[in-house]
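Structure file target_32.cif (mmCIF, C-alpha atoms) is printed below.
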```
data_protein
#
loop_
_atom_site.label_atom_id
_atom_site.label_comp_id
_atom_site.auth_asym_id
_atom_site.auth_seq_id
_atom_site.Cartn_x
_atom_site.Cartn_y
_atom_site.Cartn_z
CA MET A 1 129.48 71.91 116.83
CA ARG A 2 131.41 75.15 117.29
CA PHE A 3 130.11 78.69 116.88
CA ASN A 4 132.91 81.25 116.64
CA GLY A 5 135.00 79.17 119.00
CA LEU A 6 132.19 78.60 121.48
CA THR A 7 129.56 75.94 121.69
CA LYS A 8 126.05 77.05 120.81
CA GLY A 9 124.83 76.10 124.25
CA PHE A 10 127.41 78.25 126.01
CA PHE A 11 126.72 81.16 123.67
CA VAL A 12 122.99 80.94 124.48
CA LEU A 13 123.87 81.00 128.19
CA VAL A 14 126.05 84.09 127.71
CA LEU A 15 123.27 85.71 125.65
CA ALA A 16 120.73 85.02 128.41
CA LEU A 17 123.03 86.40 131.13
CA VAL A 18 123.87 89.55 129.17
CA THR A 19 120.18 90.11 128.35
CA TRP A 20 119.20 89.67 132.01
CA ALA A 21 121.96 92.09 133.10
CA PHE A 22 120.86 94.62 130.48
CA PHE A 23 117.24 94.64 131.67
CA ASP A 24 118.42 94.73 135.29
CA VAL A 25 120.39 97.91 134.51
CA LEU A 26 117.28 99.45 132.91
CA SER A 27 114.91 98.40 135.73
CA PRO A 28 115.23 101.64 137.82
CA TYR A 29 113.74 103.52 134.87
CA PHE A 30 111.19 100.93 133.85
CA SER A 31 108.26 103.36 134.09
CA ALA A 32 110.04 106.05 132.08
CA ILE A 33 110.92 103.59 129.31
CA LEU A 34 107.44 102.06 129.33
CA TRP A 35 105.65 105.39 129.02
CA ALA A 36 108.05 106.60 126.33
CA ALA A 37 107.13 103.48 124.34
CA ILE A 38 103.40 103.90 125.05
CA LEU A 39 103.37 107.58 124.03
CA THR A 40 105.30 106.68 120.88
CA VAL A 41 102.68 104.11 119.93
CA VAL A 42 99.79 106.50 120.64
CA PHE A 43 101.26 109.60 118.94
CA ASN A 44 103.18 108.00 116.06
CA PRO A 45 100.28 108.70 113.61
CA VAL A 46 100.46 112.39 114.63
CA LYS A 47 104.20 112.41 113.96
CA ASN A 48 103.69 110.82 110.54
CA LYS A 49 101.17 113.50 109.52
CA LEU A 50 103.53 116.24 110.67
CA ARG A 51 106.44 114.62 108.82
CA THR A 52 104.43 114.58 105.59
CA ALA A 53 103.39 118.23 106.06
CA LEU A 54 107.00 119.25 106.75
CA GLY A 55 108.45 117.63 103.65
CA ASP A 56 109.74 114.44 105.30
CA ARG A 57 111.71 116.28 108.02
CA ASN A 58 111.49 113.45 110.53
CA GLY A 59 113.50 115.02 113.36
CA LEU A 60 111.52 118.26 113.35
CA ALA A 61 108.24 116.34 113.19
CA SER A 62 109.29 114.28 116.23
CA LEU A 63 110.22 117.41 118.16
CA LEU A 64 106.90 119.09 117.34
CA THR A 65 105.07 115.93 118.39
CA ILE A 66 106.72 116.11 121.81
CA GLY A 67 105.57 119.72 122.04
CA ILE A 68 102.00 118.61 121.27
CA ILE A 69 102.24 115.86 123.90
CA CYS A 70 103.35 118.43 126.49
CA LEU A 71 100.48 120.77 125.55
CA ILE A 72 97.70 118.20 125.70
CA VAL A 73 99.05 115.76 128.31
CA PHE A 74 101.75 117.01 130.67
CA ILE A 75 100.83 120.69 131.16
CA PRO A 76 97.12 119.95 131.86
CA LEU A 77 98.22 117.12 134.16
CA MET A 78 100.49 119.44 136.15
CA ALA A 79 97.71 122.05 136.38
CA MET A 80 95.28 119.40 137.58
CA LEU A 81 97.75 118.15 140.20
CA SER A 82 98.32 121.66 141.50
CA SER A 83 94.54 122.26 141.76
CA LEU A 84 94.18 118.93 143.51
CA ALA A 85 96.93 119.85 145.98
CA LEU A 86 95.07 123.11 146.75
CA GLU A 87 91.81 121.19 147.27
CA LEU A 88 93.53 118.79 149.68
CA SER A 89 95.01 121.71 151.61
CA MET A 90 91.56 123.31 151.93
CA LEU A 91 90.09 119.95 153.00
CA ASP A 92 92.73 119.66 155.72
CA THR A 93 91.84 123.15 157.00
CA LYS A 94 88.13 122.32 157.16
CA LEU A 95 88.77 119.02 158.92
CA GLN A 96 90.89 120.79 161.51
CA GLN A 97 87.91 123.03 162.26
CA SER A 98 85.68 120.45 163.91
CA THR A 99 81.96 120.83 163.23
CA SER A 100 79.11 119.62 165.40
CA LYS A 101 77.50 117.82 162.47
CA PHE A 102 80.42 115.50 161.72
CA PRO A 103 80.33 113.48 164.98
CA GLU A 104 76.56 113.07 164.62
CA VAL A 105 76.93 111.79 161.08
CA VAL A 106 79.64 109.32 162.06
CA SER A 107 77.56 108.07 165.00
CA SER A 108 74.48 107.65 162.78
CA ILE A 109 76.38 105.72 160.10
CA PHE A 110 78.23 103.58 162.67
CA SER A 111 74.96 102.53 164.35
CA HIS A 112 73.60 101.15 161.06
CA LEU A 113 76.71 99.16 160.10
CA PRO A 114 76.77 95.34 160.36
CA ARG A 115 78.78 93.73 163.14
CA TRP A 116 81.70 92.72 160.90
CA ALA A 117 82.06 96.30 159.60
CA LYS A 118 82.02 97.71 163.13
CA GLY A 119 84.67 95.18 164.16
CA PHE A 120 86.85 96.19 161.20
CA LEU A 121 86.62 99.89 162.09
CA ILE A 122 87.32 99.23 165.77
CA GLU A 123 90.32 97.08 164.86
CA HIS A 124 91.76 99.94 162.79
CA ASN A 125 90.92 102.56 165.44
CA LEU A 126 88.29 104.26 163.25
CA ASP A 127 85.28 103.91 165.52
CA SER A 128 85.08 107.55 166.63
CA ALA A 129 84.54 110.83 164.82
CA THR A 130 87.77 112.23 166.28
CA GLN A 131 89.92 109.39 164.95
CA ILE A 132 88.28 109.47 161.51
CA GLN A 133 88.70 113.24 161.33
CA LYS A 134 92.36 112.91 162.31
CA LYS A 135 93.03 110.24 159.67
CA LEU A 136 91.28 112.27 156.94
CA SER A 137 93.22 115.37 157.92
CA GLU A 138 96.55 113.48 157.78
CA PHE A 139 95.63 112.04 154.38
CA ALA A 140 94.68 115.46 153.01
CA LEU A 141 97.84 117.12 154.33
CA GLN A 142 100.25 114.42 153.11
CA GLY A 143 98.46 114.08 149.78
CA GLY A 144 98.56 117.82 149.19
CA GLN A 145 102.29 118.03 149.98
CA TYR A 146 103.05 115.06 147.71
CA LEU A 147 101.04 116.42 144.79
CA ALA A 148 102.47 119.90 145.18
CA GLY A 149 105.96 118.43 145.07
CA SER A 150 105.16 116.40 141.97
CA ALA A 151 103.41 119.27 140.21
CA PHE A 152 106.07 121.94 140.78
CA LEU A 153 109.13 119.68 140.94
CA ILE A 154 110.06 120.75 144.47
CA GLY A 155 110.49 118.81 147.66
CA LYS A 156 111.71 115.37 148.59
CA GLY A 157 112.27 112.92 145.74
CA THR A 158 112.35 115.69 143.11
CA PHE A 159 115.73 114.72 141.68
CA GLY A 160 114.68 111.14 140.90
CA PHE A 161 111.38 112.32 139.40
CA ALA A 162 113.12 114.92 137.23
CA ILE A 163 115.69 112.38 135.99
CA SER A 164 112.95 109.86 135.07
CA PHE A 165 110.89 112.54 133.34
CA GLY A 166 113.94 113.75 131.40
CA ILE A 167 114.82 110.19 130.35
CA MET A 168 111.27 109.64 129.18
CA LEU A 169 111.26 112.79 127.00
CA TYR A 170 114.74 112.06 125.65
CA LEU A 171 113.85 108.47 124.79
CA LEU A 172 110.46 109.55 123.41
CA PHE A 173 112.16 111.79 120.86
CA PHE A 174 114.36 109.00 119.51
CA LEU A 175 111.56 106.45 119.53
CA LEU A 176 109.37 108.82 117.51
CA LYS A 177 112.21 109.60 115.11
CA ASP A 178 113.77 106.14 114.73
CA GLY A 179 111.03 103.85 116.08
CA PRO A 180 110.23 101.96 112.84
CA TYR A 181 113.92 101.24 112.21
CA LEU A 182 114.44 100.02 115.80
CA VAL A 183 111.33 97.83 115.59
CA ARG A 184 112.57 96.34 112.34
CA GLN A 185 115.96 95.56 113.92
CA ILE A 186 114.25 93.83 116.86
CA LEU A 187 111.87 91.87 114.65
CA ASP A 188 114.69 90.76 112.36
CA SER A 189 116.54 89.38 115.41
CA LEU A 190 113.65 87.17 116.51
CA PRO A 191 113.74 83.55 115.32
CA LEU A 192 110.12 83.60 114.10
CA SER A 193 108.42 83.75 110.73
CA ASP A 194 107.58 87.18 109.33
CA PHE A 195 103.81 86.83 109.70
CA VAL A 196 104.11 85.71 113.34
CA LYS A 197 106.40 88.62 114.23
CA GLN A 198 104.22 91.16 112.47
CA HIS A 199 101.03 89.70 113.96
CA LEU A 200 102.34 89.88 117.53
CA PHE A 201 103.74 93.40 117.10
CA SER A 202 100.45 94.57 115.54
CA LYS A 203 98.63 93.17 118.58
CA PHE A 204 101.02 95.03 120.87
CA VAL A 205 100.44 98.34 119.05
CA GLY A 206 96.66 97.89 118.77
CA VAL A 207 96.08 96.90 122.39
CA THR A 208 98.40 99.58 123.78
CA ARG A 209 96.79 102.32 121.70
CA ALA A 210 93.22 101.18 122.47
CA THR A 211 93.86 100.73 126.20
CA VAL A 212 95.55 104.10 126.73
CA LYS A 213 93.25 106.17 124.51
CA GLY A 214 90.07 104.41 125.64
CA THR A 215 90.91 104.48 129.33
CA ALA A 216 91.98 108.14 129.17
CA VAL A 217 88.70 109.16 127.52
CA VAL A 218 86.57 107.14 129.98
CA ALA A 219 88.54 108.52 132.95
CA ALA A 220 88.22 112.12 131.75
CA VAL A 221 84.47 111.81 131.12
CA GLN A 222 83.74 110.04 134.42
CA GLY A 223 85.92 112.39 136.46
CA THR A 224 84.42 115.52 134.87
CA LEU A 225 80.81 114.37 135.19
CA GLY A 226 81.39 113.07 138.73
CA GLY A 227 82.97 116.35 139.85
CA ILE A 228 80.06 118.33 138.35
CA ALA A 229 77.53 116.09 140.13
CA PHE A 230 79.30 116.59 143.47
CA ALA A 231 79.37 120.36 142.91
CA ILE A 232 75.62 120.38 142.16
CA VAL A 233 74.74 118.74 145.48
CA GLY A 234 77.11 121.02 147.38
CA ILE A 235 79.86 118.54 148.34
CA ASP A 236 83.12 120.38 149.02
CA GLY A 237 86.22 119.56 147.01
CA SER A 238 84.53 118.64 143.73
CA ILE A 239 87.87 118.82 141.87
CA LEU A 240 89.44 116.44 144.38
CA TRP A 241 86.62 113.92 144.12
CA GLY A 242 86.48 114.26 140.33
CA VAL A 243 90.20 113.49 140.02
CA LEU A 244 89.91 110.52 142.39
CA MET A 245 86.96 109.17 140.38
CA ALA A 246 88.91 109.60 137.15
CA PHE A 247 91.83 107.68 138.66
CA LEU A 248 89.58 104.93 140.05
CA SER A 249 87.82 104.58 136.70
CA LEU A 250 90.97 102.77 135.56
CA VAL A 251 89.41 99.78 137.31
CA PRO A 252 86.48 98.60 135.15
CA ALA A 253 83.07 97.84 136.75
CA VAL A 254 84.04 99.06 140.27
CA GLY A 255 85.77 102.38 139.67
CA SER A 256 84.04 105.54 140.84
CA ALA A 257 81.57 103.64 143.06
CA ILE A 258 84.31 103.63 145.72
CA ILE A 259 83.76 107.41 145.97
CA TRP A 260 80.10 108.06 145.22
CA VAL A 261 78.58 105.25 147.34
CA PRO A 262 80.03 106.61 150.64
CA ALA A 263 79.05 110.12 149.49
CA ALA A 264 75.44 108.99 148.97
CA ILE A 265 75.42 107.29 152.40
CA TYR A 266 76.70 110.53 153.97
CA LEU A 267 73.98 112.58 152.25
CA PHE A 268 71.22 110.24 153.39
CA ALA A 269 72.66 110.13 156.92
CA THR A 270 72.55 113.94 157.11
CA HIS A 271 68.94 113.96 155.84
CA GLN A 272 69.85 115.51 152.48
CA LEU A 273 67.41 113.29 150.63
CA TRP A 274 67.18 114.90 147.20
CA GLN A 275 70.95 115.28 147.04
CA GLY A 276 71.41 111.60 147.94
CA LEU A 277 68.81 110.48 145.41
CA PHE A 278 70.39 112.70 142.74
CA ILE A 279 73.86 111.21 143.35
CA VAL A 280 72.55 107.62 143.22
CA GLY A 281 70.47 108.24 140.10
CA PHE A 282 73.17 110.22 138.32
CA PHE A 283 75.96 107.72 138.89
CA VAL A 284 73.85 104.62 138.26
CA VAL A 285 72.33 105.97 135.04
CA VAL A 286 74.73 108.52 133.52
CA ILE A 287 78.12 107.25 134.75
CA GLY A 288 76.89 103.67 134.29
CA LEU A 289 76.10 104.40 130.64
CA VAL A 290 79.51 105.99 130.15
CA ASP A 291 81.26 102.92 131.53
CA ASN A 292 79.04 100.37 129.79
CA ILE A 293 78.96 102.09 126.39
CA LEU A 294 82.23 104.01 125.98
CA ARG A 295 84.59 101.44 127.52
CA PRO A 296 83.53 98.48 125.31
CA LEU A 297 83.56 100.76 122.23
CA LEU A 298 86.96 102.30 122.91
CA VAL A 299 88.76 99.45 124.69
CA GLY A 300 87.01 96.12 124.19
CA LYS A 301 86.28 96.55 120.49
CA ASP A 302 89.86 97.40 119.48
CA THR A 303 91.52 94.91 121.83
CA LYS A 304 89.06 92.20 120.70
CA MET A 305 88.83 90.86 124.25
CA PRO A 306 85.74 90.29 126.41
CA ASP A 307 85.00 92.77 129.20
CA TYR A 308 85.51 90.22 131.98
CA LEU A 309 89.03 89.44 130.75
CA ILE A 310 89.90 93.14 130.56
CA LEU A 311 88.60 93.59 134.13
CA ILE A 312 90.57 90.66 135.59
CA THR A 313 93.82 91.47 133.77
CA THR A 314 93.55 95.18 134.63
CA LEU A 315 93.13 94.40 138.34
CA GLY A 316 95.91 91.79 138.24
CA GLY A 317 98.22 94.12 136.34
CA MET A 318 97.69 96.99 138.78
CA GLU A 319 98.23 94.61 141.72
CA ILE A 320 101.64 93.61 140.34
CA TYR A 321 102.85 96.66 138.40
CA GLY A 322 101.00 99.52 140.10
CA ILE A 323 99.55 102.26 137.88
CA ASN A 324 101.45 100.87 134.87
CA GLY A 325 99.42 97.68 135.19
CA PHE A 326 96.30 99.13 133.58
CA VAL A 327 98.22 98.89 130.28
CA ILE A 328 100.49 95.92 131.01
CA GLY A 329 97.70 93.61 132.23
CA PRO A 330 95.46 93.75 129.11
CA LEU A 331 98.57 93.75 126.90
CA ILE A 332 99.83 90.49 128.40
CA ALA A 333 96.34 88.99 128.00
CA ALA A 334 96.16 90.04 124.35
CA LEU A 335 99.60 88.59 123.57
CA PHE A 336 98.66 85.40 125.47
CA LEU A 337 95.56 84.95 123.30
CA ALA A 338 97.46 85.83 120.13
CA CYS A 339 100.20 83.28 120.85
CA TRP A 340 97.73 80.49 121.60
CA ASN A 341 95.67 81.34 118.52
CA LEU A 342 98.83 81.08 116.42
CA PHE A 343 99.80 77.83 118.11
CA SER A 344 96.36 76.28 117.57
CA GLY A 345 96.15 77.43 113.97
CA ARG A 346 93.19 79.79 114.41
CA ASP A 347 95.47 82.63 113.30
CA HIS A 348 97.71 81.88 110.33
CA ALA A 349 99.44 83.61 107.44
CA GLY A 350 96.08 84.04 105.72
CA ASN A 351 94.31 85.97 108.49
CA ALA A 352 97.02 87.27 110.86
CA GLU A 353 97.40 91.02 111.26
CA SER A 354 100.36 92.63 109.52
CA LEU A 355 102.20 95.94 109.64
CA ASP A 356 101.20 98.61 107.16
CA GLU A 357 103.45 99.13 104.14
CA GLU A 358 104.39 102.70 105.16
CA PHE A 359 105.72 101.47 108.53
CA ILE A 360 107.70 98.69 106.83
CA GLU A 361 109.23 101.11 104.31
CA GLU A 362 110.11 103.64 107.02
CA GLY A 363 111.79 100.88 109.01
CA LYS A 364 114.23 100.24 106.16
CA ASN A 365 115.79 103.68 106.56
CA PRO A 366 118.66 103.87 109.08
CA PRO A 367 118.57 106.63 111.72
CA GLU A 368 119.67 110.11 110.68
CA LEU A 369 122.93 111.13 112.29
#
```

Would you encode the structure as structure tokens?
Amino acid sequence: MRFNGLTKGFFVLVLALVTWAFFDVLSPYFSAILWAAILTVVFNPVKNKLRTALGDRNGLASLLTIGIICLIVFIPLMAMLSSLALELSMLDTKLQQSTSKFPEVVSSIFSHLPRWAKGFLIEHNLDSATQIQKKLSEFALQGGQYLAGSAFLIGKGTFGFAISFGIMLYLLFFLLKDGPYLVRQILDSLPLSDFVKQHLFSKFVGVTRATVKGTAVVAAVQGTLGGIAFAIVGIDGSILWGVLMAFLSLVPAVGSAIIWVPAAIYLFATHQLWQGLFIVGFFVVVIGLVDNILRPLLVGKDTKMPDYLILITTLGGMEIYGINGFVIGPLIAALFLACWNLFSGRDHAGNAESLDEEFIEEGKNPPEL
């Protein structure tokens, strides 16, 4: 059987090769494209409300939405990164000024460690206060320089970062403006029934929105509360530790414990008993409640996945895809479950999720030139 002069099999091969080449060309800007799509999914309801208020002026509504995203996401993020860079610089200065207490603390902690932990530290040349102080100072200095470069767009690697950021904003505008039409074109090209296509795309939108919004809220709450707790007990660099705890809260269950457990050990080792007890109690009770109540409500409930699956897929996703993995991991898991539920018959045309009528109608309109 011929298909426009070519066999169907050969055409499928050409289609596969061209598709592979297309995605290979896009791969250098994978993160920019991914986050443009994620921000479109999260802020599309905002754009729709603005479009209605502006008399269906879709382009202007999309542009204003990007302005809102910059105001509530990018500008605060840049300010936070600059503050973090300053904190790291101050930490480097303090570490350079050796104190008599630091070697005593290191010696006290080292003497109480199990044999395997001592062996690990010795193997990595971290068995003395001088070496630990040197490593911490190098980390603070390099981290501060990197964050300062990222925050103010100066320094090594700036050109690539600026290009990726520009591509993301440029693509974000067109995805906000023409997203429904593009989605409709993609769905129409897939050789699947309408309810299957709509069900899978609805899962994609729901899981992406829930994961990003839920994780962002949990991270902000944990980082803020953790930084305040560190400031109360007099630990220097509360902004630094708060930001690190917010970042580590992307990993469910473990998260901020990577920061506060060593801090509590340090406080107890330096005989600051009430401070150590306060840190342990605060993080176990308050931060534990935040993680165990907010995360299931904001992430687990909307993704309709158990907590253990979210934990495993988040860790696996971040292992493979880096920071992007905290979205990609749960998303792959949700689509995996959705596909198998469709295959087994648990989900069918009678109970599968579908796109809302407004999105379908908007998708019928071609892009404005």

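Minimum atom-to-atom distances from A:Leu71, A:Val290, A:Ile228, A:Leu17 to Thr215 of chain A were compared using all atoms listed in the file, and the lowest value belongs to A:Val290.
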
**Protein/DNA/RNA residues near (89.9, 93.0, 130.1), cut 10 Å, only C-alpha atoms, as JSON, numbers by chain** = {"A": [211, 251, 252, 296, 299, 300, 303, 304, 305, 306, 307, 308, 309, 310, 311, 312, 313, 314, 315, 326, 329, 330, 331, 333, 334]}

Restricted to C-alpha atoms, what would the selected residues look like written as a PDB file, keeping the file's coordinate frame?
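New file part.pdb:
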```pdb
ATOM      1  CA  THR A 211      93.860 100.730 126.200  1.00  0.00           C
ATOM      2  CA  VAL A 251      89.410  99.780 137.310  1.00  0.00           C
ATOM      3  CA  PRO A 252      86.480  98.600 135.150  1.00  0.00           C
ATOM      4  CA  PRO A 296      83.530  98.480 125.310  1.00  0.00           C
ATOM      5  CA  VAL A 299      88.760  99.450 124.690  1.00  0.00           C
ATOM      6  CA  GLY A 300      87.010  96.120 124.190  1.00  0.00           C
ATOM      7  CA  THR A 303      91.520  94.910 121.830  1.00  0.00           C
ATOM      8  CA  LYS A 304      89.060  92.200 120.700  1.00  0.00           C
ATOM      9  CA  MET A 305      88.830  90.860 124.250  1.00  0.00           C
ATOM     10  CA  PRO A 306      85.740  90.290 126.410  1.00  0.00           C
ATOM     11  CA  ASP A 307      85.000  92.770 129.200  1.00  0.00           C
ATOM     12  CA  TYR A 308      85.510  90.220 131.980  1.00  0.00           C
ATOM     13  CA  LEU A 309      89.030  89.440 130.750  1.00  0.00           C
ATOM     14  CA  ILE A 310      89.900  93.140 130.560  1.00  0.00           C
ATOM     15  CA  LEU A 311      88.600  93.590 134.130  1.00  0.00           C
ATOM     16  CA  ILE A 312      90.570  90.660 135.590  1.00  0.00           C
ATOM     17  CA  THR A 313      93.820  91.470 133.770  1.00  0.00           C
ATOM     18  CA  THR A 314      93.550  95.180 134.630  1.00  0.00           C
ATOM     19  CA  LEU A 315      93.130  94.400 138.340  1.00  0.00           C
ATOM     20  CA  PHE A 326      96.300  99.130 133.580  1.00  0.00           C
ATOM     21  CA  GLY A 329      97.700  93.610 132.230  1.00  0.00           C
ATOM     22  CA  PRO A 330      95.460  93.750 129.110  1.00  0.00           C
ATOM     23  CA  LEU A 331      98.570  93.750 126.900  1.00  0.00           C
ATOM     24  CA  ALA A 333      96.340  88.990 128.000  1.00  0.00           C
ATOM     25  CA  ALA A 334      96.160  90.040 124.350  1.00  0.00           C
TER      26      ALA A 334
END
```

**Request:** Just say which residues the PyMOL selection byres ((chain A and resi 263) around 12) picks in this file, as a PyMOL selection string.
**Result:** chain A and resi 105+109+226+229-230+233-236+238+241+256-262+264-270+272+275-280+283

**Asked** Hey, what comes out of the PyMOL selection byres ((chain A and resi 342-354) around 6) on this file? Could you write it as an MDAnalysis selection string?
**Response** chainID A and resid 195 198:199 339:341 355

**Message:** What's around Asn48 of chain A at 10 Å? Count only C-alpha atoms, leave out sequence neighbours fewer than 2 positions away in its own chain, and write the answer as a VMD selection string.
**Reply:** chain A and resid 43 to 46 50 to 54 56 58 61 to 62 65 176 to 177 358 to 359

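Closest to Leu250 of chain A among A:Thr7, A:Ser193, A:Gln185, A:Asn324 is A:Asn324, based on all atoms listed in the file.
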
**Message:** Counting only C-alpha atoms, which residues sit no farther than 9 Å from the position (112.4, 108.9, 126.9) in the file's frame? I'd like them as a list in words.
**Reply:** Ala32, Ile33, Leu34, Trp35, Ala36, Ala37, Ser164, Phe165, Gly166, Ile167, Met168, Leu169, Tyr170, Leu171, Leu172, Phe173, Phe174 and Leu175 of chain A

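For the pair atom CA of Ile287 of chain A and atom CA of Val41 of chain A, the separation is 28.9 Å.
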
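Take atom CA of Phe201 of chain A and atom CA of Lys213 of chain A: the distance between them is 18.1 Å.
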
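Atom CA of Leu39 of chain A is positioned 13.8 Å from atom CA of Leu64 of chain A.
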
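Of the listed residues A:Thr224, A:Asn292, A:Ser202, A:Thr40, the one whose atoms come nearest to Ala338 of chain A is A:Ser202, with distances taken using only C-alpha atoms.
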